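S.K.: Structure provided below as structure tokens; questions to follow.
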Amino acid sequence: MKSLTYYIFVPLFLFLVSCSTIRTIPNLSKGQQYKLTKTLDLKGKDWILPESVTLVCASKGKIKNGIIVGQSSSVENLQVVSVRFTGSFESISISLQDDVDSLLYSITGVRVLRIFGNGHTVRSTNFGLMRDVDVYFKNVIFDCSDFKDVFFYPIGNGMSTFVIEECNFINIPEIELLKPRNMLNPVIRRCVFNGLLNDGARGKSTIVLNRFYGCKGNIVFEDNIVQDCYGVAVNGIGFSKKDGVTVSIKNNVIKNVSNGGIVFNGGEVTNIRIENNDISNVFCFGSQFKDEKGNAENAAINFHGFHNLYILNNTIADCTNSLSLDIDGTASDGTQEKGVHLVCTGNVMRNVLQSYLFGVRGVEFFGNQIEIANQPSATSAVSAITLNACHDVHLHNNTIILLKSKQTSAFPIIVRQNINRTSGKINLHNNIISSDSDVYLMIYNGFTGEVDADKNTAISTTSSVPLKWVNNSKSKGIRVKDKNVYR
């Protein structure tokens with residue numbers, strides 16, 4: 001008696017044979033591989049691939065018009081036209097030959113998912129949660145208009161791969177889009193993200209467009225365009241210093257996003273390079289949810305927990321409701337060991353709010369151009385750079401322009417510390433500081449560290465009275481040398 005597998009698969013095999021050269025029909029068995037050399041029309045029917053069968057497309061092989069039901073089977077290099085997949089698969093590797101309304105549905109499991117889009121559009125597939133799957137998407141256009149919740153949430157085993165290249169996501173609503181978790185060396189590169197964010201729109205505080213969640217190895221987010229989207233453009237959470245995760249975020253354009261640009265605020269990552277990004281109008285439409293406090297919960301660039309963070313040659317512009325930089329190295333228990341070694345250089349910040357460093361150890365902040373936005377609605381002192389409870393800071397060769405609002409004070413550089421915190425040595429050298437205020441350096445009451453200011457040029461833009469420094473602390477470690485230039 002022949003097996004059930006024989007009776008299930010012979011009709012499909014006969015169909016394959018009828019579309020190619022006639023040959024002897026072999027006995028079917030698990031693990032068999034079939035090579036498709038011509039077009040197979042499924043005639044709108046469902047076709048079952050038996051367990052462990054692999055269907056492979058040769059150079060002219062193509063399947064169209066139907067549904068393939070997997071039973072722990074595989075399709076490799078399969079060219080498809082109006083085909084959907086359901087069931088369980090070891091591997092789905094397909095090349096789209098047309099636009100499709102739906103691609104996958106009711107997938108109970110897949111180990112490898114590769115989609116080569118060839119510039120075609122997928123309109124309604126929502127991948128949702130998938131476990132232990134290797135992912136590779138290239139050159140697919142995803143129309144996200146009807147997507148709900150998280151578009152794609154792959155949870156790996158620490159060795160699963162995740163690569164999204166040259167894809168275009170359009171009409172993105174207020175959802176989380178890509179959320180790789182516990183994946184190895186995740187990559188999002190040369191993609192375009194176009195959202196539906198409108199001026200004045202309010203959004204949820206938890207929305208993140210691209211979230212790297214506890215991933216392993218090297219995280220790469222490079223050469224992407226993110227525009228008119230809800231939430232944070234790119235986010236990272238769930239990291240530990242012991243994992244040695246590295247991050248490369250380079251050459252991206254991020255503009256008109258509602259709740260932050262680059263925000264890694266959940267754990268400690270190591271060896272991060274934020275380089276040559278163009279960021280503008282992040283958190284640009286005011287409060288995002290009811291009873292939200294302050295200016296921005298996030299910022300153009302925001303890190304809370306890092307070791308070796310390099311912020312290099314970025315342009316940050318027109319961020320008038322968000323901080324330019326929010327760099328936090330403190331832990332909840334009051335220790336200051338989560339933010340170590342920051343290099344920030346070559347950045348241009350125009351029409352922005354301040355850069356805020358809190359509890360960071362080992363800072364080289366130099367060669368930056370900073371022009372702070374006019375803040376007519378500000379109700380307290382405004383600043384260009386605030387150093388709160390920081391240690392071993394070298395702030396040199398920066399150009400800072402800070403205008404003074406009529407109802408506020410303007411202090412280009414502020415040095416302070418919170419209660420139960422400590423501060424170390426702050427070095428300010430060779431900076432050019434312009435303001436229409438009368439103070440260029442404000443040292444707040446309670447500061448206990450050391451400040452050494454030397455060879456800075458402090459320029460008043462409105463008065464012949466030179467800018468001055470003010471020390472309201474009781475610290476004896478304050479030294480402002482006569483070599484500073486006041487004019």
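For the structure tokens, the naming scheme is as follows: chains receive sequential letters (A, B, ...) according to their order of presentation, residues are indexed from 1 within each chain, and ligands are indexed from 1 in presentation order.
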How would you write, as a PDB file with N, CA, C and O atoms, in the first residue's frame, the set of residues in range 163-212 of chain A that DSSP gives as strand (DSSP E or B)?

M.R.:
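Result file follows (part06.pdb):
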ATOM      1  N   VAL A 163      18.073  40.827   8.650  1.00  0.00           N
ATOM      2  CA  VAL A 163      18.631  41.790   7.703  1.00  0.00           C
ATOM      3  C   VAL A 163      17.496  42.334   6.841  1.00  0.00           C
ATOM      4  O   VAL A 163      16.790  41.574   6.168  1.00  0.00           O
ATOM      5  N   ILE A 164      17.311  43.654   6.863  1.00  0.00           N
ATOM      6  CA  ILE A 164      16.322  44.341   6.033  1.00  0.00           C
ATOM      7  C   ILE A 164      17.090  45.354   5.188  1.00  0.00           C
ATOM      8  O   ILE A 164      17.675  46.298   5.719  1.00  0.00           O
ATOM      9  N   GLU A 165      17.106  45.166   3.874  1.00  0.00           N
ATOM     10  CA  GLU A 165      17.884  46.023   2.986  1.00  0.00           C
ATOM     11  C   GLU A 165      17.026  46.543   1.829  1.00  0.00           C
ATOM     12  O   GLU A 165      16.238  45.802   1.243  1.00  0.00           O
ATOM     13  N   ASN A 168      11.154  49.637   1.186  1.00  0.00           N
ATOM     14  CA  ASN A 168      10.430  50.899   1.285  1.00  0.00           C
ATOM     15  C   ASN A 168       9.133  50.636   2.043  1.00  0.00           C
ATOM     16  O   ASN A 168       8.309  49.834   1.602  1.00  0.00           O
ATOM     17  N   PHE A 169       8.980  51.302   3.186  1.00  0.00           N
ATOM     18  CA  PHE A 169       7.762  51.173   3.998  1.00  0.00           C
ATOM     19  C   PHE A 169       6.978  52.474   3.842  1.00  0.00           C
ATOM     20  O   PHE A 169       7.459  53.545   4.235  1.00  0.00           O
ATOM     21  N   ILE A 170       5.774  52.375   3.294  1.00  0.00           N
ATOM     22  CA  ILE A 170       4.992  53.583   3.004  1.00  0.00           C
ATOM     23  C   ILE A 170       3.680  53.560   3.774  1.00  0.00           C
ATOM     24  O   ILE A 170       3.195  52.511   4.190  1.00  0.00           O
ATOM     25  N   ASN A 171       3.119  54.767   3.983  1.00  0.00           N
ATOM     26  CA  ASN A 171       1.825  54.928   4.660  1.00  0.00           C
ATOM     27  C   ASN A 171       1.828  54.275   6.041  1.00  0.00           C
ATOM     28  O   ASN A 171       0.883  53.569   6.420  1.00  0.00           O
ATOM     29  N   ILE A 172       2.876  54.523   6.812  1.00  0.00           N
ATOM     30  CA  ILE A 172       3.012  53.890   8.126  1.00  0.00           C
ATOM     31  C   ILE A 172       2.110  54.605   9.124  1.00  0.00           C
ATOM     32  O   ILE A 172       2.272  55.798   9.376  1.00  0.00           O
ATOM     33  N   LEU A 178       9.310  47.563  13.049  1.00  0.00           N
ATOM     34  CA  LEU A 178      10.279  46.474  13.096  1.00  0.00           C
ATOM     35  C   LEU A 178      10.836  46.364  14.512  1.00  0.00           C
ATOM     36  O   LEU A 178      11.353  47.348  15.057  1.00  0.00           O
ATOM     37  N   ARG A 181      14.231  41.089  18.287  1.00  0.00           N
ATOM     38  CA  ARG A 181      14.573  40.830  19.682  1.00  0.00           C
ATOM     39  C   ARG A 181      15.475  39.590  19.777  1.00  0.00           C
ATOM     40  O   ARG A 181      15.162  38.544  19.204  1.00  0.00           O
ATOM     41  N   LEU A 184      20.911  38.122  16.154  1.00  0.00           N
ATOM     42  CA  LEU A 184      22.356  38.264  16.032  1.00  0.00           C
ATOM     43  C   LEU A 184      22.695  39.190  14.861  1.00  0.00           C
ATOM     44  O   LEU A 184      22.223  38.984  13.742  1.00  0.00           O
ATOM     45  N   ASN A 185      23.500  40.214  15.136  1.00  0.00           N
ATOM     46  CA  ASN A 185      23.982  41.146  14.114  1.00  0.00           C
ATOM     47  C   ASN A 185      22.836  41.714  13.263  1.00  0.00           C
ATOM     48  O   ASN A 185      22.872  41.638  12.025  1.00  0.00           O
ATOM     49  N   PRO A 186      21.816  42.303  13.864  1.00  0.00           N
ATOM     50  CA  PRO A 186      20.688  42.819  13.076  1.00  0.00           C
ATOM     51  C   PRO A 186      21.102  44.019  12.223  1.00  0.00           C
ATOM     52  O   PRO A 186      21.877  44.874  12.657  1.00  0.00           O
ATOM     53  N   VAL A 187      20.552  44.074  11.014  1.00  0.00           N
ATOM     54  CA  VAL A 187      20.903  45.124  10.055  1.00  0.00           C
ATOM     55  C   VAL A 187      19.630  45.702   9.444  1.00  0.00           C
ATOM     56  O   VAL A 187      18.770  44.956   8.966  1.00  0.00           O
ATOM     57  N   ILE A 188      19.514  47.026   9.455  1.00  0.00           N
ATOM     58  CA  ILE A 188      18.502  47.742   8.659  1.00  0.00           C
ATOM     59  C   ILE A 188      19.278  48.764   7.843  1.00  0.00           C
ATOM     60  O   ILE A 188      19.862  49.702   8.407  1.00  0.00           O
ATOM     61  N   ARG A 189      19.290  48.599   6.528  1.00  0.00           N
ATOM     62  CA  ARG A 189      20.196  49.397   5.700  1.00  0.00           C
ATOM     63  C   ARG A 189      19.519  49.806   4.389  1.00  0.00           C
ATOM     64  O   ARG A 189      18.839  49.024   3.746  1.00  0.00           O
ATOM     65  N   VAL A 192      13.678  53.108   3.256  1.00  0.00           N
ATOM     66  CA  VAL A 192      12.931  54.357   3.364  1.00  0.00           C
ATOM     67  C   VAL A 192      11.668  54.083   4.171  1.00  0.00           C
ATOM     68  O   VAL A 192      10.931  53.126   3.891  1.00  0.00           O
ATOM     69  N   PHE A 193      11.426  54.926   5.175  1.00  0.00           N
ATOM     70  CA  PHE A 193      10.245  54.818   6.024  1.00  0.00           C
ATOM     71  C   PHE A 193       9.435  56.102   5.873  1.00  0.00           C
ATOM     72  O   PHE A 193       9.878  57.174   6.297  1.00  0.00           O
ATOM     73  N   ASN A 194       8.260  56.003   5.273  1.00  0.00           N
ATOM     74  CA  ASN A 194       7.386  57.160   5.071  1.00  0.00           C
ATOM     75  C   ASN A 194       6.095  56.967   5.863  1.00  0.00           C
ATOM     76  O   ASN A 194       5.349  56.006   5.609  1.00  0.00           O
ATOM     77  N   GLY A 195       5.846  57.875   6.813  1.00  0.00           N
ATOM     78  CA  GLY A 195       4.689  57.724   7.672  1.00  0.00           C
ATOM     79  C   GLY A 195       3.539  58.633   7.316  1.00  0.00           C
ATOM     80  O   GLY A 195       3.568  59.354   6.308  1.00  0.00           O
ATOM     81  N   VAL A 208       7.487  53.086  18.761  1.00  0.00           N
ATOM     82  CA  VAL A 208       8.849  53.107  18.231  1.00  0.00           C
ATOM     83  C   VAL A 208       8.811  52.514  16.828  1.00  0.00           C
ATOM     84  O   VAL A 208       8.223  51.460  16.607  1.00  0.00           O
ATOM     85  N   LEU A 209       9.442  53.174  15.891  1.00  0.00           N
ATOM     86  CA  LEU A 209       9.420  52.675  14.519  1.00  0.00           C
ATOM     87  C   LEU A 209      10.326  51.455  14.369  1.00  0.00           C
ATOM     88  O   LEU A 209       9.912  50.410  13.866  1.00  0.00           O
ATOM     89  N   ASN A 210      11.566  51.581  14.777  1.00  0.00           N
ATOM     90  CA  ASN A 210      12.539  50.492  14.705  1.00  0.00           C
ATOM     91  C   ASN A 210      13.149  50.298  16.088  1.00  0.00           C
ATOM     92  O   ASN A 210      13.851  51.182  16.579  1.00  0.00           O
ATOM     93  N   ARG A 211      12.881  49.156  16.708  1.00  0.00           N
ATOM     94  CA  ARG A 211      13.379  48.911  18.065  1.00  0.00           C
ATOM     95  C   ARG A 211      14.262  47.662  18.090  1.00  0.00           C
ATOM     96  O   ARG A 211      13.821  46.555  17.773  1.00  0.00           O
ATOM     97  N   PHE A 212      15.528  47.854  18.455  1.00  0.00           N
ATOM     98  CA  PHE A 212      16.441  46.735  18.673  1.00  0.00           C
ATOM     99  C   PHE A 212      16.356  46.346  20.146  1.00  0.00           C
ATOM    100  O   PHE A 212      16.739  47.112  21.023  1.00  0.00           O
TER     101      PHE A 212
END

S.K.: So that I can see what lies close to range 267-284 of chain A, please list as a short mmCIF file (atom, residue, chain, number, x, y, z; two decimals) with N, CA, C and O atoms, in the first residue's frame the residues with an atom at most 7 Å from it, counting only C-alpha atoms and leaving out residues fewer than 4 positions away in the same chain.

M.R.:
data_model
loop_
_atom_site.label_atom_id
_atom_site.label_comp_id
_atom_site.auth_asym_id
_atom_site.auth_seq_id
_atom_site.Cartn_x
_atom_site.Cartn_y
_atom_site.Cartn_z
N ILE A 237 16.81 48.88 23.55
CA ILE A 237 16.57 48.56 24.96
C ILE A 237 17.07 47.15 25.24
O ILE A 237 17.35 46.38 24.34
N GLY A 238 17.18 46.84 26.54
CA GLY A 238 17.47 45.48 26.96
C GLY A 238 18.90 45.04 26.75
O GLY A 238 19.15 43.88 26.40
N PHE A 239 19.87 45.94 27.00
CA PHE A 239 21.27 45.60 26.78
C PHE A 239 22.04 45.55 28.10
O PHE A 239 21.71 46.23 29.06
N SER A 240 23.10 44.75 28.11
CA SER A 240 23.98 44.64 29.26
C SER A 240 25.42 44.83 28.80
O SER A 240 25.81 44.34 27.73
N LYS A 241 26.20 45.50 29.62
CA LYS A 241 27.60 45.74 29.29
C LYS A 241 28.35 44.44 29.03
O LYS A 241 29.22 44.35 28.16
N GLY A 244 28.72 43.00 25.41
CA GLY A 244 29.63 43.59 24.44
C GLY A 244 28.97 43.96 23.12
O GLY A 244 29.62 43.93 22.07
N VAL A 245 27.70 44.33 23.15
CA VAL A 245 26.99 44.71 21.92
C VAL A 245 27.56 46.01 21.38
O VAL A 245 27.81 46.95 22.14
N THR A 246 27.77 46.09 20.07
CA THR A 246 28.21 47.33 19.43
C THR A 246 27.12 47.86 18.53
O THR A 246 26.25 47.12 18.07
N VAL A 247 27.19 49.18 18.27
CA VAL A 247 26.12 49.85 17.51
C VAL A 247 26.74 50.77 16.47
O VAL A 247 27.66 51.54 16.78
N SER A 248 26.22 50.71 15.25
CA SER A 248 26.62 51.62 14.18
C SER A 248 25.37 52.26 13.58
O SER A 248 24.56 51.57 12.95
N ILE A 249 25.20 53.56 13.80
CA ILE A 249 24.06 54.31 13.24
C ILE A 249 24.65 55.45 12.43
O ILE A 249 25.09 56.45 12.98
N LYS A 250 24.69 55.28 11.10
CA LYS A 250 25.42 56.20 10.25
C LYS A 250 24.61 56.58 9.01
O LYS A 250 23.83 55.79 8.47
N ASN A 251 24.83 57.81 8.56
CA ASN A 251 24.37 58.26 7.25
C ASN A 251 22.86 58.17 7.06
O ASN A 251 22.37 57.91 5.96
N ASN A 252 22.12 58.38 8.15
CA ASN A 252 20.66 58.35 8.06
C ASN A 252 20.09 59.76 8.00
O ASN A 252 20.67 60.71 8.54
N VAL A 253 18.93 59.90 7.37
CA VAL A 253 18.14 61.13 7.41
C VAL A 253 16.91 60.84 8.26
O VAL A 253 16.14 59.93 7.94
N ILE A 254 16.75 61.59 9.34
CA ILE A 254 15.62 61.42 10.24
C ILE A 254 14.95 62.78 10.38
O ILE A 254 15.56 63.71 10.93
N LYS A 255 13.71 62.90 9.90
CA LYS A 255 13.06 64.20 9.96
C LYS A 255 11.55 64.02 10.17
O LYS A 255 10.95 63.07 9.71
N ASN A 256 10.99 64.97 10.91
CA ASN A 256 9.55 64.98 11.19
C ASN A 256 9.09 63.66 11.83
O ASN A 256 8.22 62.96 11.30
N VAL A 257 9.71 63.33 12.95
CA VAL A 257 9.24 62.19 13.73
C VAL A 257 8.78 62.71 15.09
O VAL A 257 9.35 63.67 15.61
N SER A 258 7.78 62.07 15.67
CA SER A 258 7.05 62.73 16.75
C SER A 258 7.65 62.58 18.13
O SER A 258 7.28 63.33 19.03
N ASN A 259 8.56 61.64 18.36
CA ASN A 259 8.95 61.42 19.76
C ASN A 259 10.42 61.07 19.95
O ASN A 259 10.78 60.45 20.95
N GLY A 260 11.29 61.44 19.02
CA GLY A 260 12.72 61.23 19.24
C GLY A 260 13.40 60.67 18.02
O GLY A 260 12.80 59.96 17.21
N GLY A 261 14.70 60.96 17.91
CA GLY A 261 15.47 60.49 16.76
C GLY A 261 16.13 59.16 17.04
O GLY A 261 15.63 58.10 16.66
N ALA A 296 10.87 67.51 26.21
CA ALA A 296 10.89 66.25 25.48
C ALA A 296 11.30 65.11 26.39
O ALA A 296 12.27 65.20 27.12
N ALA A 300 16.89 64.42 20.06
CA ALA A 300 17.45 64.06 18.76
C ALA A 300 18.37 62.85 18.92
O ALA A 300 18.29 61.89 18.15
N GLY A 305 22.92 54.90 29.47
CA GLY A 305 23.67 53.67 29.68
C GLY A 305 24.54 53.33 28.48
O GLY A 305 24.04 52.92 27.44
N PHE A 306 25.86 53.53 28.61
CA PHE A 306 26.77 53.27 27.48
C PHE A 306 28.21 53.19 27.99
O PHE A 306 28.55 53.69 29.06
N HIS A 307 29.05 52.58 27.18
CA HIS A 307 30.49 52.58 27.37
C HIS A 307 31.12 52.78 26.00
O HIS A 307 30.96 51.96 25.10
N ASN A 308 31.80 53.92 25.83
CA ASN A 308 32.43 54.30 24.56
C ASN A 308 31.38 54.69 23.53
O ASN A 308 31.02 53.92 22.64
N LEU A 309 30.91 55.92 23.65
CA LEU A 309 29.90 56.47 22.75
C LEU A 309 30.54 57.59 21.92
O LEU A 309 31.08 58.55 22.47
N TYR A 310 30.48 57.44 20.59
CA TYR A 310 31.06 58.42 19.68
C TYR A 310 29.93 59.07 18.88
O TYR A 310 29.22 58.40 18.12
N ILE A 311 29.76 60.39 19.06
CA ILE A 311 28.76 61.16 18.32
C ILE A 311 29.53 62.10 17.41
O ILE A 311 30.10 63.11 17.86
N LEU A 312 29.57 61.77 16.11
CA LEU A 312 30.53 62.38 15.21
C LEU A 312 29.85 62.95 13.97
O LEU A 312 29.11 62.24 13.26
N ASN A 313 30.09 64.22 13.68
CA ASN A 313 29.77 64.83 12.39
C ASN A 313 28.29 64.70 12.00
O ASN A 313 27.96 64.50 10.83
N ASN A 314 27.43 64.83 12.97
CA ASN A 314 26.00 64.84 12.71
C ASN A 314 25.49 66.27 12.55
O ASN A 314 26.07 67.22 13.08
N THR A 315 24.38 66.41 11.83
CA THR A 315 23.68 67.69 11.75
C THR A 315 22.34 67.54 12.46
O THR A 315 21.55 66.65 12.12
N ILE A 316 22.10 68.38 13.44
CA ILE A 316 20.83 68.39 14.18
C ILE A 316 20.24 69.78 14.01
O ILE A 316 20.85 70.77 14.38
N ALA A 317 19.04 69.85 13.44
CA ALA A 317 18.47 71.16 13.10
C ALA A 317 16.99 71.22 13.44
O ALA A 317 16.27 70.22 13.40
N ASP A 318 16.56 72.44 13.82
CA ASP A 318 15.13 72.75 13.99
C ASP A 318 14.45 71.81 14.98
O ASP A 318 13.31 71.39 14.77
N CYS A 319 15.14 71.49 16.05
CA CYS A 319 14.55 70.68 17.12
C CYS A 319 14.22 71.63 18.27
O CYS A 319 14.97 71.74 19.24
N THR A 320 13.10 72.30 18.16
CA THR A 320 12.78 73.36 19.11
C THR A 320 11.85 72.90 20.23
O THR A 320 11.48 73.69 21.08
N ASN A 321 11.46 71.64 20.22
CA ASN A 321 10.73 71.06 21.33
C ASN A 321 11.41 69.83 21.90
O ASN A 321 10.81 69.04 22.60
N SER A 322 12.67 69.66 21.58
CA SER A 322 13.41 68.50 22.07
C SER A 322 14.84 68.92 22.39
O SER A 322 15.35 69.89 21.83
N LYS A 338 27.20 54.02 34.50
CA LYS A 338 26.51 53.55 33.30
C LYS A 338 26.79 54.41 32.07
O LYS A 338 26.32 54.08 30.98
#

S.K.: Report the distance between CA of Phe151 in chain A and CA of Ile327 in chain A in Å, rounded to one decimal place.

M.R.: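 According to the coordinates, CA of Phe151 in chain A and CA of Ile327 in chain A are separated by 29.8 Å.
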
S.K.: Interatomic distance between CA of Ser73 in chain A and CA of Glu51 in chain A?

M.R.: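 CA of Glu51 in chain A lies at a distance of 5.2 Å from CA of Ser73 in chain A.
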
S.K.: Write out as a ChimeraX atom specification the residues lying within 7 Å of Val480 in chain A, counting only C-alpha atoms and excluding same-chain residues fewer than 2 positions away.

M.R.: /A:452-454,478,482

S.K.: Can you spit out the residues from that selection as a compact mmCIF listing (two decimals), in the first residue's frame, using N, CA and C atoms?

M.R.:
# COMPACT_ATOMS: atom_id res chain seq x y z
N ASP A 452 37.95 74.42 35.58
CA ASP A 452 39.13 75.12 35.09
C ASP A 452 38.78 75.72 33.73
N ALA A 453 38.61 77.04 33.67
CA ALA A 453 38.24 77.72 32.42
C ALA A 453 39.41 78.56 31.94
N ASP A 454 39.81 78.35 30.67
CA ASP A 454 41.03 78.98 30.18
C ASP A 454 40.92 79.24 28.67
N ILE A 478 37.30 76.17 41.89
CA ILE A 478 36.88 76.97 40.75
C ILE A 478 38.03 77.86 40.34
N ASP A 482 42.81 84.40 33.87
CA ASP A 482 42.75 85.71 33.23
C ASP A 482 42.97 85.62 31.72

S.K.: If we count only C-alpha atoms and set the cut-off at 7 Å, which residues sit around range 56-72 of chain A, ignoring sequence neighbours fewer than 2 positions away in its own chain? Please answer as number ranges by chain.

M.R.: A: 34-52, 54, 74-90
